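Undergrad: Handing over run15.cif, mmCIF, C-alpha atoms; chains and numbers go by the auth columns.
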```cif
data_data
loop_
_atom_site.group_PDB
_atom_site.id
_atom_site.type_symbol
_atom_site.label_atom_id
_atom_site.label_comp_id
_atom_site.label_asym_id
_atom_site.label_seq_id
_atom_site.Cartn_x
_atom_site.Cartn_y
_atom_site.Cartn_z
_atom_site.B_iso_or_equiv
_atom_site.auth_seq_id
_atom_site.auth_asym_id
ATOM 1 C CA MET A 1 -21.544 -55.920 -72.749 0.00 1 A
ATOM 2 C CA ALA A 2 -20.289 -58.735 -74.985 0.00 2 A
ATOM 3 C CA ASP A 3 -19.804 -56.244 -77.807 0.00 3 A
ATOM 4 C CA GLN A 4 -17.505 -54.033 -75.764 0.00 4 A
ATOM 5 C CA PRO A 5 -13.771 -54.473 -76.287 0.00 5 A
ATOM 6 C CA ARG A 6 -11.810 -56.186 -73.533 0.00 6 A
ATOM 7 C CA LEU A 7 -9.627 -54.145 -71.219 0.00 7 A
ATOM 8 C CA ALA A 8 -6.434 -53.513 -73.233 0.00 8 A
ATOM 9 C CA VAL A 9 -3.991 -55.175 -70.832 0.00 9 A
ATOM 10 C CA PHE A 10 -6.216 -58.267 -70.619 0.00 10 A
ATOM 11 C CA GLU A 11 -6.565 -58.484 -74.405 0.00 11 A
ATOM 12 C CA LYS A 12 -2.782 -58.180 -74.781 0.00 12 A
ATOM 13 C CA PHE A 13 -2.312 -61.080 -72.363 0.00 13 A
ATOM 14 C CA ILE A 14 -4.753 -63.267 -74.313 0.00 14 A
ATOM 15 C CA GLN A 15 -3.174 -62.512 -77.677 0.00 15 A
ATOM 16 C CA SER A 16 0.361 -63.096 -76.347 0.00 16 A
ATOM 17 C CA ALA A 17 -0.676 -66.427 -74.825 0.00 17 A
ATOM 18 C CA ARG A 18 -2.406 -67.482 -78.045 0.00 18 A
ATOM 19 C CA ALA A 19 0.615 -66.560 -80.163 0.00 19 A
ATOM 20 C CA PHE A 20 2.929 -68.588 -77.948 0.00 20 A
ATOM 21 C CA CYS A 21 0.595 -71.591 -77.933 0.00 21 A
ATOM 22 C CA ALA A 22 0.354 -71.438 -81.736 0.00 22 A
ATOM 23 C CA ALA A 23 4.138 -71.661 -82.026 0.00 23 A
ATOM 24 C CA ASN A 24 4.803 -74.119 -79.166 0.00 24 A
ATOM 25 C CA THR A 25 3.017 -77.383 -78.445 0.00 25 A
ATOM 26 C CA ASP A 26 5.255 -78.374 -75.522 0.00 26 A
ATOM 27 C CA THR A 27 3.221 -78.282 -72.300 0.00 27 A
ATOM 28 C CA GLU A 28 6.174 -77.347 -70.069 0.00 28 A
ATOM 29 C CA ALA A 29 7.171 -74.449 -72.366 0.00 29 A
ATOM 30 C CA ARG A 30 3.584 -73.177 -72.438 0.00 30 A
ATOM 31 C CA MET A 31 3.333 -73.336 -68.650 0.00 31 A
ATOM 32 C CA LYS A 32 6.546 -71.335 -68.156 0.00 32 A
ATOM 33 C CA LYS A 33 5.593 -68.714 -70.747 0.00 33 A
ATOM 34 C CA ILE A 34 2.086 -68.309 -69.310 0.00 34 A
ATOM 35 C CA LYS A 35 3.673 -67.755 -65.885 0.00 35 A
ATOM 36 C CA THR A 36 5.831 -64.941 -67.270 0.00 36 A
ATOM 37 C CA LEU A 37 2.892 -63.351 -69.088 0.00 37 A
ATOM 38 C CA LEU A 38 0.671 -63.688 -66.017 0.00 38 A
ATOM 39 C CA GLU A 39 3.284 -61.976 -63.830 0.00 39 A
ATOM 40 C CA ALA A 40 3.027 -58.932 -66.083 0.00 40 A
ATOM 41 C CA LEU A 41 -0.778 -59.087 -66.063 0.00 41 A
ATOM 42 C CA VAL A 42 -1.208 -59.320 -62.279 0.00 42 A
ATOM 43 C CA GLY A 43 1.448 -56.652 -61.830 0.00 43 A
ATOM 44 C CA ASP A 44 -0.591 -54.202 -63.901 0.00 44 A
ATOM 45 C CA GLY A 45 -2.232 -51.413 -61.920 0.00 45 A
ATOM 46 C CA SER A 46 -5.081 -50.867 -64.395 0.00 46 A
ATOM 47 C CA LEU A 47 -6.289 -54.471 -64.054 0.00 47 A
ATOM 48 C CA ARG A 48 -5.917 -54.281 -60.270 0.00 48 A
ATOM 49 C CA GLU A 49 -8.067 -51.151 -60.221 0.00 49 A
ATOM 50 C CA HIS A 50 -10.587 -52.792 -62.562 0.00 50 A
ATOM 51 C CA SER A 51 -10.847 -55.799 -60.210 0.00 51 A
ATOM 52 C CA LYS A 52 -12.070 -53.619 -57.327 0.00 52 A
ATOM 53 C CA SER A 53 -15.585 -53.968 -58.759 0.00 53 A
ATOM 54 C CA TRP A 54 -15.448 -57.714 -59.475 0.00 54 A
ATOM 55 C CA PRO A 55 -18.051 -59.761 -57.596 0.00 55 A
ATOM 56 C CA CYS A 56 -17.205 -62.077 -54.718 0.00 56 A
ATOM 57 C CA THR A 57 -16.818 -65.754 -55.638 0.00 57 A
ATOM 58 C CA GLU A 58 -17.773 -67.261 -52.283 0.00 58 A
ATOM 59 C CA GLY A 59 -19.814 -70.444 -52.492 0.00 59 A
ATOM 60 C CA HIS A 60 -17.416 -72.517 -54.641 0.00 60 A
ATOM 61 C CA LYS A 61 -17.418 -70.266 -57.711 0.00 61 A
ATOM 62 C CA ASN A 62 -14.836 -68.899 -60.152 0.00 62 A
ATOM 63 C CA LEU A 63 -15.290 -66.012 -62.524 0.00 63 A
ATOM 64 C CA LEU A 64 -14.801 -67.315 -66.072 0.00 64 A
ATOM 65 C CA LEU A 65 -12.944 -64.480 -67.777 0.00 65 A
ATOM 66 C CA TYR A 66 -11.934 -66.302 -70.975 0.00 66 A
ATOM 67 C CA GLN A 67 -11.816 -69.745 -72.565 0.00 67 A
ATOM 68 C CA ASP A 68 -9.643 -70.139 -75.624 0.00 68 A
ATOM 69 C CA PRO A 69 -11.423 -71.772 -78.564 0.00 69 A
ATOM 70 C CA ASP A 70 -8.244 -73.068 -80.207 0.00 70 A
ATOM 71 C CA TYR A 71 -5.749 -73.899 -77.454 0.00 71 A
ATOM 72 C CA GLY A 72 -8.153 -74.729 -74.639 0.00 72 A
ATOM 73 C CA PHE A 73 -6.619 -72.682 -71.842 0.00 73 A
ATOM 74 C CA VAL A 74 -9.018 -71.007 -69.437 0.00 74 A
ATOM 75 C CA ILE A 75 -8.644 -67.770 -67.489 0.00 75 A
ATOM 76 C CA ASN A 76 -10.521 -67.640 -64.198 0.00 76 A
ATOM 77 C CA ALA A 77 -10.558 -65.271 -61.251 0.00 77 A
ATOM 78 C CA VAL A 78 -11.384 -65.713 -57.595 0.00 78 A
ATOM 79 C CA VAL A 79 -12.417 -62.861 -55.331 0.00 79 A
ATOM 80 C CA ARG A 80 -12.020 -63.922 -51.694 0.00 80 A
ATOM 81 C CA THR A 81 -13.432 -62.408 -48.547 0.00 81 A
ATOM 82 C CA PRO A 82 -10.900 -61.733 -45.746 0.00 82 A
ATOM 83 C CA GLY A 83 -9.557 -64.899 -44.131 0.00 83 A
ATOM 84 C CA ARG A 84 -11.262 -67.256 -46.601 0.00 84 A
ATOM 85 C CA GLU A 85 -10.108 -70.853 -46.156 0.00 85 A
ATOM 86 C CA GLY A 86 -10.016 -72.720 -49.468 0.00 86 A
ATOM 87 C CA ARG A 87 -10.483 -76.485 -49.649 0.00 87 A
ATOM 88 C CA VAL A 88 -7.552 -78.850 -50.110 0.00 88 A
ATOM 89 C CA HIS A 89 -7.710 -80.137 -53.689 0.00 89 A
ATOM 90 C CA ASP A 90 -5.879 -80.986 -56.877 0.00 90 A
ATOM 91 C CA HIS A 91 -6.560 -80.071 -60.503 0.00 91 A
ATOM 92 C CA ALA A 92 -6.301 -83.601 -61.888 0.00 92 A
ATOM 93 C CA HIS A 93 -4.011 -83.703 -64.953 0.00 93 A
ATOM 94 C CA ALA A 94 -4.161 -79.951 -65.657 0.00 94 A
ATOM 95 C CA TRP A 95 -1.478 -77.438 -64.746 0.00 95 A
ATOM 96 C CA THR A 96 -2.370 -74.065 -63.255 0.00 96 A
ATOM 97 C CA ALA A 97 -0.695 -70.670 -63.002 0.00 97 A
ATOM 98 C CA TYR A 98 -2.077 -68.836 -59.983 0.00 98 A
ATOM 99 C CA GLY A 99 -1.425 -65.086 -59.844 0.00 99 A
ATOM 100 C CA VAL A 100 -2.355 -62.750 -57.017 0.00 100 A
ATOM 101 C CA LEU A 101 -3.775 -59.535 -58.468 0.00 101 A
ATOM 102 C CA ASP A 102 -4.812 -57.722 -55.309 0.00 102 A
ATOM 103 C CA GLY A 103 -4.356 -58.306 -51.603 0.00 103 A
ATOM 104 C CA MET A 104 -2.449 -61.207 -50.096 0.00 104 A
ATOM 105 C CA GLU A 105 -3.022 -64.965 -50.110 0.00 105 A
ATOM 106 C CA ARG A 106 -1.031 -68.002 -49.144 0.00 106 A
ATOM 107 C CA LEU A 107 -0.658 -71.263 -50.990 0.00 107 A
ATOM 108 C CA GLU A 108 -0.397 -74.388 -48.880 0.00 108 A
ATOM 109 C CA ARG A 109 1.164 -77.406 -50.547 0.00 109 A
ATOM 110 C CA TYR A 110 0.590 -80.934 -49.347 0.00 110 A
ATOM 111 C CA ARG A 111 1.996 -84.347 -50.171 0.00 111 A
ATOM 112 C CA ARG A 112 0.239 -87.646 -49.979 0.00 112 A
ATOM 113 C CA VAL A 113 1.961 -90.099 -47.633 0.00 113 A
ATOM 114 C CA ASP A 114 -0.293 -93.180 -47.788 0.00 114 A
ATOM 115 C CA ALA A 115 -0.114 -95.910 -50.440 0.00 115 A
ATOM 116 C CA GLY A 116 -3.214 -94.637 -52.243 0.00 116 A
ATOM 117 C CA ASN A 117 -4.882 -98.041 -52.235 0.00 117 A
ATOM 118 C CA ARG A 118 -8.123 -97.001 -50.478 0.00 118 A
ATOM 119 C CA PRO A 119 -10.602 -95.119 -52.676 0.00 119 A
ATOM 120 C CA ASP A 120 -12.067 -92.897 -49.941 0.00 120 A
ATOM 121 C CA TYR A 121 -8.901 -92.251 -47.946 0.00 121 A
ATOM 122 C CA ALA A 122 -5.833 -90.040 -48.382 0.00 122 A
ATOM 123 C CA LEU A 123 -3.293 -89.297 -45.684 0.00 123 A
ATOM 124 C CA ILE A 124 -1.701 -85.946 -46.513 0.00 124 A
ATOM 125 C CA GLN A 125 0.925 -83.807 -44.817 0.00 125 A
ATOM 126 C CA LEU A 126 1.568 -80.098 -45.142 0.00 126 A
ATOM 127 C CA ASP A 127 4.712 -79.725 -47.231 0.00 127 A
ATOM 128 C CA GLY A 128 5.075 -75.957 -47.328 0.00 128 A
ATOM 129 C CA ILE A 129 3.386 -72.570 -47.289 0.00 129 A
ATOM 130 C CA SER A 130 4.204 -69.665 -49.564 0.00 130 A
ATOM 131 C CA ALA A 131 2.827 -66.160 -49.217 0.00 131 A
ATOM 132 C CA GLY A 132 1.571 -64.501 -52.373 0.00 132 A
ATOM 133 C CA TYR A 133 1.348 -60.759 -52.851 0.00 133 A
ATOM 134 C CA ALA A 134 0.063 -58.692 -55.756 0.00 134 A
ATOM 135 C CA GLY A 135 2.168 -59.433 -58.833 0.00 135 A
ATOM 136 C CA GLN A 136 3.315 -62.902 -57.763 0.00 136 A
ATOM 137 C CA VAL A 137 2.512 -66.081 -59.688 0.00 137 A
ATOM 138 C CA ASP A 138 2.781 -69.651 -58.474 0.00 138 A
ATOM 139 C CA LEU A 139 2.705 -72.718 -60.723 0.00 139 A
ATOM 140 C CA VAL A 140 0.690 -75.714 -59.596 0.00 140 A
ATOM 141 C CA GLN A 141 1.675 -78.931 -61.351 0.00 141 A
ATOM 142 C CA PRO A 142 -0.830 -81.638 -62.364 0.00 142 A
ATOM 143 C CA TYR A 143 -2.163 -83.640 -59.395 0.00 143 A
ATOM 144 C CA ALA A 144 -0.363 -81.324 -56.927 0.00 144 A
ATOM 145 C CA ILE A 145 -2.342 -81.199 -53.679 0.00 145 A
ATOM 146 C CA HIS A 146 -2.813 -77.641 -52.454 0.00 146 A
ATOM 147 C CA SER A 147 -5.085 -75.057 -50.893 0.00 147 A
ATOM 148 C CA GLU A 148 -5.347 -71.290 -51.227 0.00 148 A
ATOM 149 C CA LYS A 149 -6.057 -69.194 -48.142 0.00 149 A
ATOM 150 C CA GLY A 150 -7.231 -65.601 -48.110 0.00 150 A
ATOM 151 C CA GLY A 151 -5.324 -62.871 -46.316 0.00 151 A
ATOM 152 C CA PRO A 152 -6.586 -60.335 -43.793 0.00 152 A
ATOM 153 C CA GLU A 153 -8.293 -58.234 -46.501 0.00 153 A
ATOM 154 C CA ARG A 154 -10.233 -58.942 -49.701 0.00 154 A
ATOM 155 C CA SER A 155 -8.019 -60.616 -52.273 0.00 155 A
ATOM 156 C CA VAL A 156 -8.257 -61.254 -56.000 0.00 156 A
ATOM 157 C CA ALA A 157 -6.373 -63.861 -58.004 0.00 157 A
ATOM 158 C CA VAL A 158 -6.237 -64.550 -61.740 0.00 158 A
ATOM 159 C CA ILE A 159 -5.833 -68.214 -62.618 0.00 159 A
ATOM 160 C CA VAL A 160 -4.789 -69.715 -65.945 0.00 160 A
ATOM 161 C CA ARG A 161 -5.536 -73.413 -66.328 0.00 161 A
ATOM 162 C CA SER A 162 -4.205 -75.527 -69.177 0.00 162 A
ATOM 163 C CA GLU A 163 -7.769 -76.595 -69.915 0.00 163 A
ATOM 164 C CA ARG A 164 -11.307 -76.388 -68.612 0.00 164 A
ATOM 165 C CA LEU A 165 -11.965 -79.205 -66.152 0.00 165 A
ATOM 166 C CA VAL A 166 -15.439 -78.292 -64.897 0.00 166 A
ATOM 167 C CA GLY A 167 -18.020 -80.441 -66.623 0.00 167 A
ATOM 168 C CA LYS A 168 -15.338 -82.753 -68.022 0.00 168 A
ATOM 169 C CA VAL A 169 -13.019 -84.093 -65.310 0.00 169 A
ATOM 170 C CA LEU A 170 -13.453 -84.749 -61.597 0.00 170 A
ATOM 171 C CA GLN A 171 -10.786 -83.356 -59.277 0.00 171 A
ATOM 172 C CA GLY A 172 -9.397 -84.692 -56.010 0.00 172 A
ATOM 173 C CA ARG A 173 -10.722 -83.317 -52.705 0.00 173 A
ATOM 174 C CA TYR A 174 -8.823 -83.955 -49.483 0.00 174 A
ATOM 175 C CA ASP A 175 -9.722 -83.492 -45.816 0.00 175 A
ATOM 176 C CA ALA A 176 -6.550 -83.119 -43.740 0.00 176 A
ATOM 177 C CA LYS A 177 -8.462 -83.587 -40.468 0.00 177 A
ATOM 178 C CA SER A 178 -10.463 -86.724 -41.272 0.00 178 A
ATOM 179 C CA ASP A 179 -8.161 -88.146 -44.000 0.00 179 A
ATOM 180 C CA LYS A 180 -11.200 -88.561 -46.250 0.00 180 A
ATOM 181 C CA TYR A 181 -10.808 -88.316 -50.016 0.00 181 A
ATOM 182 C CA HIS A 182 -13.318 -87.967 -52.825 0.00 182 A
ATOM 183 C CA GLU A 183 -13.546 -86.570 -56.330 0.00 183 A
ATOM 184 C CA SER A 184 -15.933 -83.863 -57.440 0.00 184 A
ATOM 185 C CA GLU A 185 -16.539 -81.064 -59.911 0.00 185 A
ATOM 186 C CA GLY A 186 -14.487 -77.920 -59.687 0.00 186 A
ATOM 187 C CA PRO A 187 -15.997 -74.514 -58.938 0.00 187 A
ATOM 188 C CA MET A 188 -19.081 -73.255 -60.761 0.00 188 A
ATOM 189 C CA GLN A 189 -18.010 -71.094 -63.702 0.00 189 A
ATOM 190 C CA VAL A 190 -19.630 -67.633 -63.697 0.00 190 A
ATOM 191 C CA GLU A 191 -19.050 -65.834 -66.987 0.00 191 A
ATOM 192 C CA PHE A 192 -17.612 -62.373 -66.454 0.00 192 A
ATOM 193 C CA ALA A 193 -16.365 -59.947 -69.112 0.00 193 A
ATOM 194 C CA VAL A 194 -13.251 -57.861 -68.482 0.00 194 A
ATOM 195 C CA VAL A 195 -14.319 -54.805 -70.464 0.00 195 A
#
```
Could you quickly redo this structure as structure tokens?
TA:
Amino acid sequence: MADQPRLAVFEKFIQSARAFCAANTDTEARMKKIKTLLEALVGDGSLREHSKSWPCTEGHKNLLLYQDPDYGFVINAVVRTPGREGRVHDHAHAWTAYGVLDGMERLERYRRVDAGNRPDYALIQLDGISAGYAGQVDLVQPYAIHSEKGGPERSVAVIVRSERLVGKVLQGRYDAKSDKYHESEGPMQVEFAVV
């Protein structure tokens, strides 16, 4: 399987992202360009059709589709069951482009309203909800508190992170009901080839 060529549209995305990163070191410019490239990728019908056979990622998992050896960005995917409620979290110092490939999801954004002086406590408030449909991409800034929620049917999202955090950096976890806060590892990375 590893010797098979990647799906053409996915390979084109990778090479375009690599070329831009090679020519631009500015983080903000990279984030905006990746968003534009990801919009084209998640708007592509051949990748959407391909994703119909991708395995479910329930149980705090992400599919690891690609990790760039030179520029560090990581491409993940999540495959959610209908109505899946994601945890409220942040991605530490990394930025994320979150693109809905199939189905519908919503992104809930929160803001922290306490002083942040208690290590196990975070008072957060819902700041907004945006619906995401196939072909839409949302940018999540570093330390932005958010949660993804599944729609009424199976949904698939492709996620580009500025770097791999799992195994390197702990990320914030928030409980809006109990106001508890802790840090932990991100989702388990399950290698998956898009061929």
Undergrad: Counting all atoms listed in the file, which residues in stretch 72-191 of chain A sit no more than 12 Å from stretch 4-17 of chain A? For each one, give the nearest pair of atoms and the distance in Å, sorted by chain then residue number, as JSON lines.
TA:
```
{"residue": "A:Gly72", "atom": "CA", "partner": "A:Ala17", "partner_atom": "CA", "distance": 11.2}
{"residue": "A:Phe73", "atom": "CA", "partner": "A:Ala17", "partner_atom": "CA", "distance": 9.1}
{"residue": "A:Val74", "atom": "CA", "partner": "A:Ile14", "partner_atom": "CA", "distance": 10.1}
{"residue": "A:Ile75", "atom": "CA", "partner": "A:Ile14", "partner_atom": "CA", "distance": 9.1}
{"residue": "A:Val158", "atom": "CA", "partner": "A:Phe10", "partner_atom": "CA", "distance": 10.9}
{"residue": "A:Val160", "atom": "CA", "partner": "A:Ala17", "partner_atom": "CA", "distance": 10.3}
{"residue": "A:Ser162", "atom": "CA", "partner": "A:Ala17", "partner_atom": "CA", "distance": 11.3}
```
Undergrad: Taking into account all atoms listed in the file, which residue in the set A:Thr27, A:Gln136, A:Ser53, A:Ser130 is nearest to A:Glu148?
TA: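 Distance minimum relative to A:Glu148 lands on A:Ser130.
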Undergrad: Please provide as a list of chain:residue names all residues within 9 Å of A:Asp120, with the sequence filter that same-chain residues fewer than 4 positions apart are discarded (counting all atoms listed in the file).
TA: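 Everything that qualifies: A:Asp179, A:Lys180, A:Tyr181, A:His182.
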Undergrad: Kindly save the residues from that selection, with C-alpha atoms included, as a tab-separated table (two decimals), keeping the file's coordinate frame.
TA:
```
chain	number	residue	atom	x	y	z
A	179	ASP	CA	-8.16	-88.15	-44.00
A	180	LYS	CA	-11.20	-88.56	-46.25
A	181	TYR	CA	-10.81	-88.32	-50.02
A	182	HIS	CA	-13.32	-87.97	-52.82
```
Undergrad: Can you tell me which residues surround stretch 150-152 of chain A at a distance of at most 12 Å, considering all atoms listed in the file, apart from same-chain residues fewer than 3 positions away, and format the answer as a PyMOL selection string?
TA: chain A and resi 58+78-87+100+102-108+131-134+147+155-157
Undergrad: Run the PyMOL selection byres ((chain A and resi 111) around 9) mentally over the shown coordinates, then write out the matched residues as a list in words, using the chain letters and numbers from the document.
TA: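 When the PyMOL selection byres ((chain A and resi 111) around 9) is applied, the selected residues are Arg109, Tyr110, Arg112, Val113, Leu123, Ile124, Gln125, Leu126, Asp127, Ala144, Ile145 and His146 of chain A.
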Undergrad: Smallest atom-to-atom distance to A:Tyr66: which of A:Met188, A:Val169, A:Ala40, A:Ile159, using only C-alpha atoms?
TA: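 Of the candidates, the smallest distance to A:Tyr66 is held by A:Ile159.
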Undergrad: Using atom CA of A:Glu191 and atom CA of A:Cys56 as the two end points, give the distance in Å to one decimal.
TA: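 Separation between atom CA of A:Glu191 and atom CA of A:Cys56: 13.0 Å.
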Undergrad: Using only C-alpha atoms, what residues lie at most 10 Å away from (2.9, -66.5, -68.4) (file coordinates), given as a PDB file with C-alpha atoms, keeping the file's coordinate frame?
TA:
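Result saved to point-v5.pdb:
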```pdb
ATOM      1  CA  PHE A  13      -2.312 -61.080 -72.363  1.00  0.00           C
ATOM      2  CA  SER A  16       0.361 -63.096 -76.347  1.00  0.00           C
ATOM      3  CA  ALA A  17      -0.676 -66.427 -74.825  1.00  0.00           C
ATOM      4  CA  PHE A  20       2.929 -68.588 -77.948  1.00  0.00           C
ATOM      5  CA  ALA A  29       7.171 -74.449 -72.366  1.00  0.00           C
ATOM      6  CA  ARG A  30       3.584 -73.177 -72.438  1.00  0.00           C
ATOM      7  CA  MET A  31       3.333 -73.336 -68.650  1.00  0.00           C
ATOM      8  CA  LYS A  32       6.546 -71.335 -68.156  1.00  0.00           C
ATOM      9  CA  LYS A  33       5.593 -68.714 -70.747  1.00  0.00           C
ATOM     10  CA  ILE A  34       2.086 -68.309 -69.310  1.00  0.00           C
ATOM     11  CA  LYS A  35       3.673 -67.755 -65.885  1.00  0.00           C
ATOM     12  CA  THR A  36       5.831 -64.941 -67.270  1.00  0.00           C
ATOM     13  CA  LEU A  37       2.892 -63.351 -69.088  1.00  0.00           C
ATOM     14  CA  LEU A  38       0.671 -63.688 -66.017  1.00  0.00           C
ATOM     15  CA  GLU A  39       3.284 -61.976 -63.830  1.00  0.00           C
ATOM     16  CA  ALA A  40       3.027 -58.932 -66.083  1.00  0.00           C
ATOM     17  CA  LEU A  41      -0.778 -59.087 -66.063  1.00  0.00           C
ATOM     18  CA  ALA A  97      -0.695 -70.670 -63.002  1.00  0.00           C
ATOM     19  CA  GLY A  99      -1.425 -65.086 -59.844  1.00  0.00           C
ATOM     20  CA  VAL A 137       2.512 -66.081 -59.688  1.00  0.00           C
ATOM     21  CA  LEU A 139       2.705 -72.718 -60.723  1.00  0.00           C
ATOM     22  CA  VAL A 160      -4.789 -69.715 -65.945  1.00  0.00           C
TER      23      VAL A 160
END
```
Undergrad: From the options A:Ala22, A:Val195, A:Pro187, A:Gly116, which residue's atoms come nearest to A:Leu64, counting all atoms listed in the file?
TA: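 Of A:Ala22, A:Val195, A:Pro187, A:Gly116, the one nearest A:Leu64, counting all atoms listed in the file, is A:Pro187.
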Undergrad: Report, in Å with one decimal, the straight-line distance from atom CA of A:His89 to atom CA of A:Gln141.
TA: 12.2 Å
Undergrad: Pick from A:Lys149, A:Lys61, A:Arg118, A:Lys52: nearest to A:Asn76, with only C-alpha atoms counted?
TA: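 That would be A:Lys61, the residue with the smallest distance to A:Asn76.
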